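Colleague: Hey, dropping start.txt in here, compact mmCIF, C-alpha atoms and all ligand atoms:
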# COMPACT_ATOMS: atom_id res chain seq x y z
CA MET S 1 -16.68 25.18 3.14
CA SER S 2 -14.42 22.20 3.42
CA LEU S 3 -12.71 19.59 5.52
CA THR S 4 -9.20 20.75 6.31
CA ILE S 5 -6.51 18.54 7.71
CA SER S 6 -3.20 20.09 8.66
CA GLY S 7 -0.08 18.47 10.00
CA ALA S 8 -1.93 15.24 10.87
CA THR S 9 0.50 12.83 12.50
CA LYS S 10 -0.22 9.40 13.95
CA ARG S 11 2.47 7.01 15.14
CA TYR S 12 2.33 3.39 16.17
CA GLY S 13 5.70 2.72 17.82
CA ASP S 14 8.29 3.52 15.17
CA VAL S 15 5.76 3.52 12.31
CA TYR S 16 4.29 6.79 11.09
CA ALA S 17 0.81 5.78 9.91
CA LEU S 18 0.30 9.49 9.12
CA ASN S 19 3.32 11.73 8.71
CA ASN S 20 2.43 15.43 8.72
CA VAL S 21 -0.52 15.05 6.33
CA SER S 22 -2.18 18.23 5.10
CA LEU S 23 -5.19 18.11 2.81
CA THR S 24 -8.20 20.25 1.96
CA LEU S 25 -11.31 18.43 0.79
CA GLU S 26 -14.03 20.60 -0.75
CA GLU S 27 -17.62 20.19 0.28
CA GLY S 28 -20.05 18.42 -2.04
CA GLN S 29 -17.35 16.44 -3.82
CA VAL S 30 -16.41 12.79 -3.86
CA HIS S 31 -12.79 12.32 -2.82
CA ALA S 32 -10.95 9.04 -3.29
CA ILE S 33 -7.87 8.02 -1.35
CA VAL S 34 -5.68 5.43 -3.02
CA GLY S 35 -2.32 4.03 -1.97
CA PRO S 36 -0.46 0.80 -1.34
CA SER S 37 -1.41 -1.36 1.62
CA GLY S 38 -0.13 0.18 4.86
CA SER S 39 0.18 3.69 3.40
CA GLY S 40 -2.13 5.22 6.03
CA LYS S 41 -5.52 5.36 4.26
CA THR S 42 -7.54 3.76 7.06
CA SER S 43 -5.62 5.74 9.68
CA LEU S 44 -6.67 8.95 7.91
CA LEU S 45 -10.36 7.95 7.80
CA GLN S 46 -10.28 6.90 11.44
CA ALA S 47 -8.76 10.20 12.48
CA ILE S 48 -11.46 12.07 10.55
CA CYS S 49 -14.35 10.14 12.09
CA GLY S 50 -12.71 10.15 15.52
CA LEU S 51 -12.24 6.41 16.04
CA GLU S 52 -8.54 7.19 16.47
CA ARG S 53 -6.92 10.25 17.99
CA LEU S 54 -4.06 11.99 16.17
CA ASP S 55 -0.77 12.47 18.01
CA ASP S 56 -0.62 15.91 16.46
CA GLY S 57 -2.36 18.07 13.88
CA VAL S 58 -5.67 19.76 13.28
CA ILE S 59 -8.85 18.46 11.62
CA ARG S 60 -11.60 20.97 10.96
CA TRP S 61 -14.96 20.59 9.22
CA HIS S 62 -16.29 24.02 8.30
CA ASN S 63 -15.83 25.89 11.57
CA VAL S 64 -16.08 22.85 13.84
CA GLU S 65 -12.75 21.60 15.11
CA PHE S 66 -12.73 17.81 15.33
CA GLN S 67 -9.26 17.75 16.82
CA ARG S 68 -6.50 20.23 17.64
CA GLY S 69 -3.28 18.58 18.80
CA GLN S 70 -3.69 17.10 22.23
CA SER S 71 -5.75 20.03 23.52
CA HIS S 72 -9.09 19.37 21.79
CA TYR S 73 -10.78 16.19 20.65
CA LEU S 74 -14.43 15.86 19.65
CA PRO S 75 -15.76 12.31 20.21
CA PRO S 76 -17.08 10.46 17.11
CA GLU S 77 -20.75 10.69 18.11
CA ARG S 78 -20.53 14.49 18.03
CA ARG S 79 -18.94 14.68 14.57
CA GLU S 80 -22.08 13.66 12.63
CA ILE S 81 -20.24 11.55 10.09
CA GLY S 82 -21.66 8.54 8.27
CA MET S 83 -19.24 5.61 8.18
CA VAL S 84 -19.51 2.61 5.88
CA PHE S 85 -17.13 -0.24 6.60
CA GLN S 86 -15.73 -2.90 4.29
CA ASP S 87 -17.41 -5.81 6.09
CA PHE S 88 -20.78 -3.96 6.27
CA ALA S 89 -20.78 -4.33 10.11
CA LEU S 90 -24.56 -4.73 10.21
CA PHE S 91 -26.10 -5.79 13.52
CA PRO S 92 -26.98 -9.45 12.85
CA HIS S 93 -29.84 -9.60 15.36
CA LEU S 94 -31.57 -6.49 13.96
CA THR S 95 -33.71 -6.29 10.80
CA VAL S 96 -32.89 -4.02 7.87
CA GLY S 97 -35.34 -1.43 9.24
CA GLN S 98 -33.87 -1.65 12.73
CA ASN S 99 -30.33 -1.41 11.40
CA ILE S 100 -31.18 1.74 9.46
CA ALA S 101 -33.01 3.21 12.47
CA PHE S 102 -30.23 2.40 14.92
CA GLY S 103 -28.46 5.75 14.93
CA LEU S 104 -31.75 7.61 15.05
CA GLY S 105 -32.79 5.83 18.27
CA VAL S 106 -29.41 6.72 19.76
CA ARG S 107 -30.13 10.33 18.83
CA LYS S 108 -33.58 10.06 20.47
CA TRP S 109 -35.58 10.89 17.35
CA PRO S 110 -39.37 10.51 17.95
CA ALA S 111 -40.76 7.19 16.68
CA SER S 112 -42.93 8.72 13.93
CA ARG S 113 -39.96 10.62 12.46
CA VAL S 114 -37.78 7.49 12.61
CA LYS S 115 -40.43 5.50 10.73
CA GLN S 116 -40.66 8.15 8.02
CA ARG S 117 -36.88 8.43 7.69
CA VAL S 118 -36.45 4.65 7.41
CA GLU S 119 -39.07 4.59 4.63
CA GLU S 120 -37.22 7.37 2.80
CA LEU S 121 -33.95 5.47 2.96
CA LEU S 122 -35.49 2.16 1.88
CA THR S 123 -36.70 3.98 -1.24
CA LEU S 124 -33.46 5.89 -1.81
CA LEU S 125 -31.32 2.73 -1.64
CA HIS S 126 -33.81 0.51 -3.54
CA LEU S 127 -34.47 -1.69 -0.51
CA GLU S 128 -38.27 -1.57 -0.69
CA GLY S 129 -39.87 -4.72 0.74
CA LEU S 130 -36.79 -5.73 2.74
CA HIS S 131 -37.67 -3.85 5.94
CA ASP S 132 -38.19 -7.00 8.04
CA ARG S 133 -35.35 -9.15 6.68
CA PHE S 134 -32.34 -9.99 8.82
CA PRO S 135 -28.80 -9.46 7.46
CA HIS S 136 -28.27 -13.19 6.88
CA GLU S 137 -31.29 -13.13 4.55
CA LEU S 138 -29.74 -10.49 2.28
CA SER S 139 -27.46 -10.66 -0.76
CA GLY S 140 -24.08 -8.90 -0.62
CA GLY S 141 -25.41 -5.92 -2.55
CA GLN S 142 -28.47 -5.60 -0.29
CA LYS S 143 -26.23 -5.72 2.78
CA GLN S 144 -24.09 -2.97 1.33
CA ARG S 145 -27.14 -0.84 0.51
CA THR S 146 -28.39 -1.34 4.08
CA ALA S 147 -25.00 -0.28 5.46
CA VAL S 148 -25.11 2.87 3.31
CA ALA S 149 -28.73 3.56 4.35
CA ARG S 150 -27.76 3.24 8.01
CA ALA S 151 -24.84 5.64 7.55
CA LEU S 152 -27.04 8.20 5.76
CA ALA S 153 -30.06 7.93 8.09
CA PRO S 154 -29.10 10.75 10.50
CA ASP S 155 -28.52 12.98 7.46
CA PRO S 156 -24.76 13.51 7.87
CA ARG S 157 -23.03 15.96 5.52
CA LEU S 158 -19.85 13.88 5.47
CA VAL S 159 -19.67 10.16 4.60
CA LEU S 160 -16.58 7.96 4.81
CA LEU S 161 -16.27 4.63 3.03
CA ASP S 162 -13.32 2.31 3.70
CA GLU S 163 -12.97 -0.25 0.87
CA SER S 164 -16.74 -0.51 1.11
CA LEU S 165 -17.40 -2.15 -2.24
CA SER S 166 -14.39 -4.45 -2.38
CA SER S 167 -16.15 -7.60 -1.20
CA LEU S 168 -18.85 -7.39 -3.90
CA ASP S 169 -18.61 -9.19 -7.22
CA ALA S 170 -17.38 -7.13 -10.17
CA ALA S 171 -20.73 -6.51 -11.89
CA LEU S 172 -22.46 -5.43 -8.69
CA ARG S 173 -19.52 -3.25 -7.75
CA ARG S 174 -19.76 -1.39 -11.06
CA THR S 175 -23.50 -0.80 -10.57
CA LEU S 176 -23.09 0.46 -7.02
CA GLN S 177 -20.17 2.70 -7.96
CA HIS S 178 -22.32 4.68 -10.38
CA GLU S 179 -25.35 4.59 -8.14
CA LEU S 180 -23.54 5.77 -5.02
CA ARG S 181 -21.74 8.54 -6.85
CA ASP S 182 -25.07 9.81 -8.24
CA LEU S 183 -26.64 9.52 -4.78
CA PHE S 184 -23.84 11.45 -3.04
CA LYS S 185 -23.96 14.15 -5.71
CA SER S 186 -27.75 14.49 -5.60
CA LEU S 187 -27.65 14.87 -1.80
CA ASN S 188 -24.69 17.28 -2.07
CA LEU S 189 -22.79 15.07 0.35
CA THR S 190 -19.06 15.20 0.86
CA ALA S 191 -17.79 11.64 0.53
CA ILE S 192 -14.32 10.25 1.15
CA LEU S 193 -13.73 6.77 -0.13
CA VAL S 194 -10.70 4.61 0.33
CA THR S 195 -10.28 2.13 -2.47
CA HIS S 196 -7.58 -0.09 -3.93
CA ASP S 197 -9.46 -0.34 -7.24
CA PRO S 198 -8.23 2.30 -9.73
CA THR S 199 -11.38 2.02 -11.82
CA GLU S 200 -13.49 2.71 -8.75
CA ALA S 201 -11.52 5.87 -8.03
CA LEU S 202 -11.80 6.98 -11.68
CA VAL S 203 -15.56 6.28 -11.87
CA MET S 204 -16.58 7.71 -8.52
CA ALA S 205 -14.24 10.51 -7.54
CA ASP S 206 -13.93 14.20 -8.37
CA ASN S 207 -10.44 14.21 -6.82
CA ILE S 208 -7.97 11.49 -5.97
CA ALA S 209 -5.37 11.75 -3.20
CA VAL S 210 -2.48 9.30 -3.44
CA MET S 211 -0.91 8.17 -0.17
CA ASN S 212 2.42 6.47 0.35
CA GLN S 213 4.21 5.69 3.60
CA GLY S 214 2.06 8.03 5.67
CA HIS S 215 2.35 10.95 3.21
CA VAL S 216 -0.11 12.38 0.71
CA ILE S 217 2.09 12.49 -2.39
CA SER S 218 -0.41 13.97 -4.86
CA VAL S 219 -3.95 15.27 -5.20
CA ASP S 220 -5.34 15.47 -8.71
CA SER S 221 -8.41 15.02 -10.86
CA PRO S 222 -8.84 11.40 -12.04
CA GLN S 223 -7.83 12.29 -15.59
CA THR S 224 -4.70 14.18 -14.54
CA LEU S 225 -3.66 11.41 -12.21
CA TYR S 226 -4.17 8.77 -14.89
CA GLU S 227 -2.62 10.63 -17.81
CA ARG S 228 -0.06 12.88 -16.13
CA PRO S 229 1.08 11.19 -12.90
CA GLN S 230 4.01 12.73 -11.04
CA SER S 231 5.57 9.55 -9.70
CA ALA S 232 5.88 5.84 -10.34
CA ILE S 233 3.62 5.12 -7.37
CA ALA S 234 0.84 7.35 -8.69
CA ALA S 235 1.24 5.97 -12.23
CA GLU S 236 1.16 2.31 -11.18
CA LEU S 237 -1.69 2.71 -8.72
CA MET S 238 -4.00 3.96 -11.44
CA GLY S 239 -3.54 1.04 -13.83
CA MET S 240 -1.17 -0.86 -16.01
CA VAL S 241 1.74 1.24 -17.22
CA SER S 242 5.23 0.94 -18.68
CA LEU S 243 7.74 3.38 -17.19
CA TRP S 244 10.74 3.98 -19.43
CA PRO S 245 13.81 6.04 -18.63
CA GLY S 246 14.68 8.81 -21.06
CA VAL S 247 16.76 11.97 -21.27
CA VAL S 248 15.62 15.45 -22.31
CA VAL S 249 17.51 16.50 -25.45
CA GLY S 250 15.76 19.76 -26.29
CA THR S 251 12.45 21.47 -26.93
CA HIS S 252 10.17 21.68 -29.94
CA ARG S 253 7.60 24.51 -29.69
CA ASP S 254 5.89 23.87 -26.33
CA GLN S 255 7.00 20.26 -26.20
CA VAL S 256 9.95 18.58 -24.59
CA VAL S 257 12.01 16.35 -26.85
CA VAL S 258 13.06 13.17 -25.08
CA ASP S 259 15.51 10.52 -26.20
CA LEU S 260 13.62 7.33 -25.55
CA GLY S 261 15.58 4.21 -26.44
CA GLY S 262 17.30 6.04 -29.32
CA HIS S 263 14.06 7.59 -30.69
CA HIS S 264 13.42 11.31 -30.28
CA MET S 265 9.84 11.90 -29.12
CA ALA S 266 8.21 15.33 -28.67
CA ILE S 267 6.16 15.10 -25.49
CA ARG S 268 3.74 17.66 -24.05
CA CYS S 269 4.99 18.07 -20.48
CA PRO S 270 6.43 20.91 -18.35
CA ALA S 271 9.72 22.35 -19.63
CA MET S 272 12.89 20.61 -18.44
CA ALA S 273 16.51 21.42 -19.19
CA PRO S 274 18.44 19.28 -21.69
CA GLY S 275 20.20 16.44 -19.91
CA THR S 276 17.42 15.98 -17.33
CA PRO S 277 16.77 12.28 -16.74
CA VAL S 278 13.05 11.60 -17.04
CA THR S 279 10.61 8.75 -16.52
CA THR S 280 8.25 8.31 -19.46
CA VAL S 281 4.72 7.11 -18.70
CA ILE S 282 3.44 4.79 -21.43
CA ARG S 283 -0.10 3.40 -20.96
CA PRO S 284 -0.90 0.32 -23.08
CA SER S 285 -3.56 2.41 -24.82
CA SER S 286 -0.84 4.85 -25.98
CA CYS S 287 0.84 2.10 -28.03
CA TYR S 288 -0.19 1.01 -31.49
CA VAL S 289 0.96 -1.38 -34.14
CA SER S 290 0.57 -0.28 -37.75
CA ALA S 291 1.57 -1.56 -41.14
CA SER S 292 3.29 1.70 -42.02
CA GLN S 293 7.01 1.79 -42.65
CA GLU S 294 7.73 4.50 -40.08
CA PRO S 295 10.36 3.46 -37.53
CA GLY S 296 9.03 2.06 -34.29
CA PHE S 297 10.30 0.06 -31.35
CA GLU S 298 11.25 -3.54 -32.05
CA VAL S 299 9.56 -5.45 -29.23
CA THR S 300 10.29 -9.08 -28.45
CA VAL S 301 7.04 -10.65 -27.24
CA GLU S 302 7.41 -12.48 -23.93
CA GLN S 303 3.92 -13.06 -22.61
CA VAL S 304 0.40 -12.91 -24.01
CA ARG S 305 -2.87 -12.81 -22.10
CA TYR S 306 -6.16 -13.18 -23.91
CA LEU S 307 -8.67 -10.77 -22.35
CA GLY S 308 -11.65 -11.28 -24.62
CA ASP S 309 -11.79 -7.95 -26.45
CA TYR S 310 -8.04 -7.88 -26.99
CA PHE S 311 -4.69 -9.49 -26.19
CA LEU S 312 -2.54 -7.94 -23.49
CA VAL S 313 1.07 -8.38 -24.56
CA THR S 314 4.18 -8.07 -22.41
CA GLY S 315 7.35 -7.51 -24.40
CA ARG S 316 10.93 -6.29 -24.09
CA ALA S 317 12.57 -3.51 -26.06
CA GLY S 318 16.05 -2.17 -25.37
CA GLY S 319 16.11 -3.73 -21.90
CA GLU S 320 12.73 -2.22 -20.92
CA THR S 321 9.37 -3.90 -20.41
CA LEU S 322 6.45 -2.73 -22.53
CA TYR S 323 2.75 -3.54 -22.09
CA PHE S 324 0.50 -3.05 -25.11
CA TYR S 325 -2.77 -4.29 -26.59
CA LEU S 326 -3.36 -6.15 -29.84
CA ASN S 327 -6.62 -7.26 -31.43
CA ARG S 328 -4.91 -10.34 -32.91
CA PRO S 329 -2.41 -12.87 -31.56
CA PRO S 330 1.09 -11.33 -31.60
CA LYS S 331 4.05 -12.38 -33.72
CA ASP S 332 7.39 -13.13 -32.02
CA ILE S 333 8.58 -9.61 -32.73
CA GLU S 334 6.24 -6.64 -33.13
CA THR S 335 7.04 -3.10 -34.22
CA VAL S 336 5.28 -0.82 -31.76
CA HIS S 337 4.68 2.93 -32.13
CA PHE S 338 3.79 5.40 -29.42
CA ASP S 339 1.14 8.08 -29.73
CA ALA S 340 3.40 10.91 -28.52
CA GLU S 341 0.34 13.07 -27.74
CA ARG S 342 -0.54 10.61 -25.01
CA LEU S 343 2.88 10.15 -23.47
CA TRP S 344 3.95 11.97 -20.34
CA CYS S 345 7.27 12.57 -18.58
CA TYR S 346 8.31 13.62 -15.13
CA PRO S 347 11.84 14.17 -13.80
CA THR S 348 13.30 10.97 -12.39
CA GLY S 349 13.86 11.36 -8.65
CA GLY S 350 11.52 13.76 -6.82
CA ALA S 351 8.39 12.02 -5.55
CA GLU S 352 9.78 8.90 -7.15
CA SER S 353 12.60 8.81 -4.62
CA GLN S 354 10.08 8.22 -1.82
CA GLY S 355 10.32 4.62 -2.89
CA ARG S 356 8.54 2.60 -5.48
CA ARG S 357 5.48 0.83 -4.28
CA ALA S 358 6.54 -2.64 -3.33
CA PRO S 359 4.06 -4.63 -1.22
CA GLU S 360 3.39 -7.88 -3.03
CA GLY S 361 -0.22 -8.11 -1.97
CA GLU S 362 -1.11 -5.03 -4.00
CA GLN S 363 0.22 -6.23 -7.35
CA SER S 364 -3.36 -6.99 -8.28
CA LEU S 365 -3.80 -3.23 -8.48
CA ILE S 366 -2.24 -3.42 -11.89
CA VAL S 367 -5.24 -4.16 -14.05
CA ALA S 368 -6.15 -3.40 -17.60
CA PRO S 369 -8.42 -0.33 -17.72
P1 LIG W 1 -3.88 1.30 4.87
O1 LIG W 1 -5.31 1.50 5.26
O2 LIG W 1 -3.40 2.28 3.83
O3 LIG W 1 -3.58 -0.09 4.46
P2 LIG W 1 -3.32 1.78 7.68
O4 LIG W 1 -3.75 3.17 7.95
O5 LIG W 1 -4.23 0.69 8.13
O6 LIG W 1 -2.96 1.62 6.14
O7 LIG W 1 -1.90 1.54 8.37
C1 LIG W 1 -0.81 2.43 8.23
C2 LIG W 1 0.38 1.90 9.03
O8 LIG W 1 0.07 1.95 10.42
C3 LIG W 1 0.72 0.45 8.73
O9 LIG W 1 2.10 0.31 8.78
C4 LIG W 1 0.03 -0.31 9.84
O10 LIG W 1 0.73 -1.50 10.12
C5 LIG W 1 0.15 0.68 11.00
N1 LIG W 1 -0.97 0.52 11.93
C6 LIG W 1 -2.27 0.82 11.69
N2 LIG W 1 -3.04 0.57 12.76
C7 LIG W 1 -2.22 0.10 13.72
C8 LIG W 1 -2.41 -0.32 15.09
N3 LIG W 1 -3.60 -0.30 15.65
N4 LIG W 1 -1.32 -0.75 15.76
C9 LIG W 1 -0.09 -0.75 15.20
N5 LIG W 1 0.16 -0.35 13.93
C10 LIG W 1 -0.88 0.07 13.20
MG MG W 2 -6.97 0.15 5.18
Here is the file; what I need is its structure written in the form of structure tokens.
Modeller:
Amino acid sequence: MSLTISGATKRYGDVYALNNVSLTLEEGQVHAIVGPSGSGKTSLLQAICGLERLDDGVIRWHNVEFQRGQSHYLPPERREIGMVFQDFALFPHLTVGQNIAFGLGVRKWPASRVKQRVEELLTLLHLEGLHDRFPHELSGGQKQRTAVARALAPDPRLVLLDESLSSLDAALRRTLQHELRDLFKSLNLTAILVTHDPTEALVMADNIAVMNQGHVISVDSPQTLYERPQSAIAAELMGMVSLWPGVVVGTHRDQVVVDLGGHHMAIRCPAMAPGTPVTTVIRPSSCYVSASQEPGFEVTVEQVRYLGDYFLVTGRAGGETLYFYLNRPPKDIETVHFDAERLWCYPTGGAESQGRRAPEGEQSLIVAP
């Protein structure tokens, strides 16, 4: 039981918003889609819910075909999908209760059943007492809860959320992330959420699909994607990271030995032949500074940001940039060690060659975990 997408293609003029996308999303799981701005995330959601028609490809939910090429297209109202938009899109002239009931009236549910269902959703989304309020009388979080209640009212099995929490303040966003994940799981819903916030994807999702330039470039569990990304795009999307070039020089038991800036590091990653150029993924949390005499990397400190619990330091070593944390102000030069157990390498080229993520507007994606 799943949502299967095969060969999904959508073009706008010369731009491929979706370029032959194939993806299987298991039922009852929360799936996140992350990717730089313009990578096709919204286009994919719109094709699934039927707001946009694919140029080519097949979308099937269980044994119901939503679309097959140009020969079959099921209109959105017959797909039974709950959609939650970024801007809430509540009807301003309707109360909370009327907003939640809207889709049920369209479906001609009897009034008594509508009333009961609205009550259920007010309880489920912690909106008790707000039945008669209008959207302009609600806080951001209450608006978002109402939008989710409205989407869930007709009891869809599939819910799509497009950047739905991004306009909320950080504390509220964190609360709703946990709450919505628990809610989706308890209702055994299949949810697909588009987000540009790596923490949101890590907290909420069972699986994360990374999109770039109309392609799905990887699908992984949150932990695999964070710790063992297969490309620069995937690594950078999931949080702050230093990517250093290295060369495979041999193997040591089941580890690959990599020459990294003149140091030989044994790294647990798939076997690669000596001479293979690799990109080494170094999260700030994989770096440490110790008083021991063991050789480390001499890092010239360039920038320091105080983040409350720790200092985030940007430094240079051997022509490469390194991000690491310190619990004290840094000296001009620090000797930094890597926890080799937490490093990861992938061959340079491959998915990487699809282009590093560039759009300026998304640099804010790089946040400390
Ligand atoms: P994302 O949600 O990942 O930011 P979108 O799916 O919105 O990306 O867009 C993917 C690409 O398709 C972008 O290059 C965007 O400019 C283009 N695109 C999306 N919708 C339209 C449209 N209605 N008309 C023309 N181009 C569009
Ligand atoms: Mg979008």
Colleague: Give me, as a PyMOL selection string, all polymer residues having an atom no more than 9 Å from Val118 (chain S), counting only C-alpha atoms and skipping those fewer than 3 positions away in the same chain.
Modeller: chain S and resi 97-98+100-101+113-115+121-123+131+149-150+153
Colleague: Please find the residues contacting ligand MG 2 (chain W) at a distance of at most 10 Å between atoms, with only C-alpha atoms and all ligand atoms counted, and report them as a PDB file with C-alpha atoms, in the coordinates of the input.
Modeller:
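Below is the file selection.pdb, written as the result:
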ATOM      1  CA  VAL S  34      -5.680   5.430  -3.020  1.00  0.00           C
ATOM      2  CA  GLY S  35      -2.320   4.030  -1.970  1.00  0.00           C
ATOM      3  CA  PRO S  36      -0.460   0.800  -1.340  1.00  0.00           C
ATOM      4  CA  SER S  37      -1.410  -1.360   1.620  1.00  0.00           C
ATOM      5  CA  GLY S  38      -0.130   0.180   4.860  1.00  0.00           C
ATOM      6  CA  SER S  39       0.180   3.690   3.400  1.00  0.00           C
ATOM      7  CA  GLY S  40      -2.130   5.220   6.030  1.00  0.00           C
ATOM      8  CA  LYS S  41      -5.520   5.360   4.260  1.00  0.00           C
ATOM      9  CA  THR S  42      -7.540   3.760   7.060  1.00  0.00           C
ATOM     10  CA  SER S  43      -5.620   5.740   9.680  1.00  0.00           C
ATOM     11  CA  LEU S  44      -6.670   8.950   7.910  1.00  0.00           C
ATOM     12  CA  LEU S  45     -10.360   7.950   7.800  1.00  0.00           C
ATOM     13  CA  GLN S  46     -10.280   6.900  11.440  1.00  0.00           C
ATOM     14  CA  GLN S  86     -15.730  -2.900   4.290  1.00  0.00           C
ATOM     15  CA  ASP S 162     -13.320   2.310   3.700  1.00  0.00           C
ATOM     16  CA  GLU S 163     -12.970  -0.250   0.870  1.00  0.00           C
ATOM     17  CA  VAL S 194     -10.700   4.610   0.330  1.00  0.00           C
ATOM     18  CA  THR S 195     -10.280   2.130  -2.470  1.00  0.00           C
ATOM     19  CA  HIS S 196      -7.580  -0.090  -3.930  1.00  0.00           C
TER      20      HIS S 196
END
Colleague: Can you list, as an MDAnalysis selection string, every protein, DNA or RNA residue that comes within 6 Å of region 56-71 of chain S when you count only C-alpha atoms, leaving out same-chain residues fewer than 5 positions away?
Modeller: chainID S and resid 1:9
Colleague: Output C-alpha atoms for every residue in that selection, as a short mmCIF file (atom, residue, chain, number, x, y, z; two decimals), in the coordinates of the input.
Modeller:
data_model
loop_
_atom_site.label_atom_id
_atom_site.label_comp_id
_atom_site.auth_asym_id
_atom_site.auth_seq_id
_atom_site.Cartn_x
_atom_site.Cartn_y
_atom_site.Cartn_z
CA MET S 1 -16.68 25.18 3.14
CA SER S 2 -14.42 22.20 3.42
CA LEU S 3 -12.71 19.59 5.52
CA THR S 4 -9.20 20.75 6.31
CA ILE S 5 -6.51 18.54 7.71
CA SER S 6 -3.20 20.09 8.66
CA GLY S 7 -0.08 18.47 10.00
CA ALA S 8 -1.93 15.24 10.87
CA THR S 9 0.50 12.83 12.50
#
Colleague: Write out as lines of an AutoDock Vina configuration file an axis-aligned box for region 25-42 of chain S: all of its atoms listed in the file, 3 Å added on each side, centre and edge lengths in Å with one decimal.
Modeller:
center_x = -9.9
center_y = 9.6
center_z = 1.6
size_x = 26.2
size_y = 28.0
size_z = 16.9
Colleague: Given only C-alpha atoms and all ligand atoms as the basis, pick out the residue of S:Pro245, S:Pro198, S:Gly214, S:Gly129 nearest to ligand LIG 1 (chain W).
Modeller: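 Among S:Pro245, S:Pro198, S:Gly214, S:Gly129, it is S:Gly214 that comes nearest to ligand LIG 1 (chain W).
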Colleague: Could you tell me how far CA of Asn20 (chain S) sits from CA of Asp55 (chain S), in Å to one decimal place?
Modeller: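 That distance, rounded to one decimal, is 10.3 Å.
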Colleague: If we count only C-alpha atoms, what is near Asn99 (chain S) at a cut-off of 12 Å, once residues fewer than 2 positions away on the same chain are taken out, given as a ChimeraX atom specification?
Modeller: /S:88-97,101-106,114,118,121-122,130-135,143-153
Colleague: Point out the residue among S:Thr175, S:Tyr325, S:Glu120, S:Val210 with the least atom-to-atom distance to ligand LIG 1 (chain W), counting all atoms listed in the file.
Modeller: S:Val210
Colleague: Using all atoms listed in the file, can you list as a list in words the residues within 8 Å of (15.2, 19.7, -24.1)?
Modeller: Val248, Val249, Gly250, Thr251, His252, Val256, Val257, Val258, Ala271, Met272, Ala273, Pro274 and Gly275 of chain S
Colleague: My list of candidates is S:Arg181, S:Val15, S:Val301, S:Val84. Which is closest to Cys49 (chain S) when distances are computed with all atoms listed in the file?
Modeller: S:Val84
Colleague: What is the atom N3 of ligand LIG 1 (chain W)-CA of Gly13 (chain S) distance in Å, reported with one decimal?
Modeller: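 The value is 10.0 Å.
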Colleague: Looking at S:Leu160, S:Ala17, S:Val278, S:Leu326, which one is nearest to ligand LIG 1 (chain W), with distances taken over all atoms listed in the file?
Modeller: S:Ala17
Colleague: Counting only C-alpha atoms and all ligand atoms, which residue out of S:Met83, S:Leu307, S:Met211, S:Leu202 sits closest to ligand LIG 1 (chain W)?
Modeller: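 The answer is S:Met211, which sits nearest to ligand LIG 1 (chain W).
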Colleague: Of the candidates S:Ala111, S:Leu51, S:Leu243, S:Leu312, which one gets nearest to Cys345 (chain S) if we count all atoms listed in the file?
Modeller: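 Of S:Ala111, S:Leu51, S:Leu243, S:Leu312, the one nearest Cys345 (chain S), counting all atoms listed in the file, is S:Leu243.
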Colleague: Do you have the CA of Val241 (chain S)-CA of Asn19 (chain S) distance handy?
Modeller: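 Distance between the two atoms: 28.0 Å.
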Colleague: So that I can check the surroundings of Ser221 (chain S), please list as a PyMOL selection string every protein, DNA and RNA residue that reaches within 7 Å of it, counting only C-alpha atoms and ignoring chain neighbours fewer than 4 positions away.
Modeller: chain S and resi 206-208+225
Colleague: Just want the 7 Å neighbourhood of region 288-290 of chain S, counted on all atoms listed in the file, with same-chain residues fewer than 2 positions away dropped. Output as a PyMOL selection string.
Modeller: chain S and resi 286+292+335-338
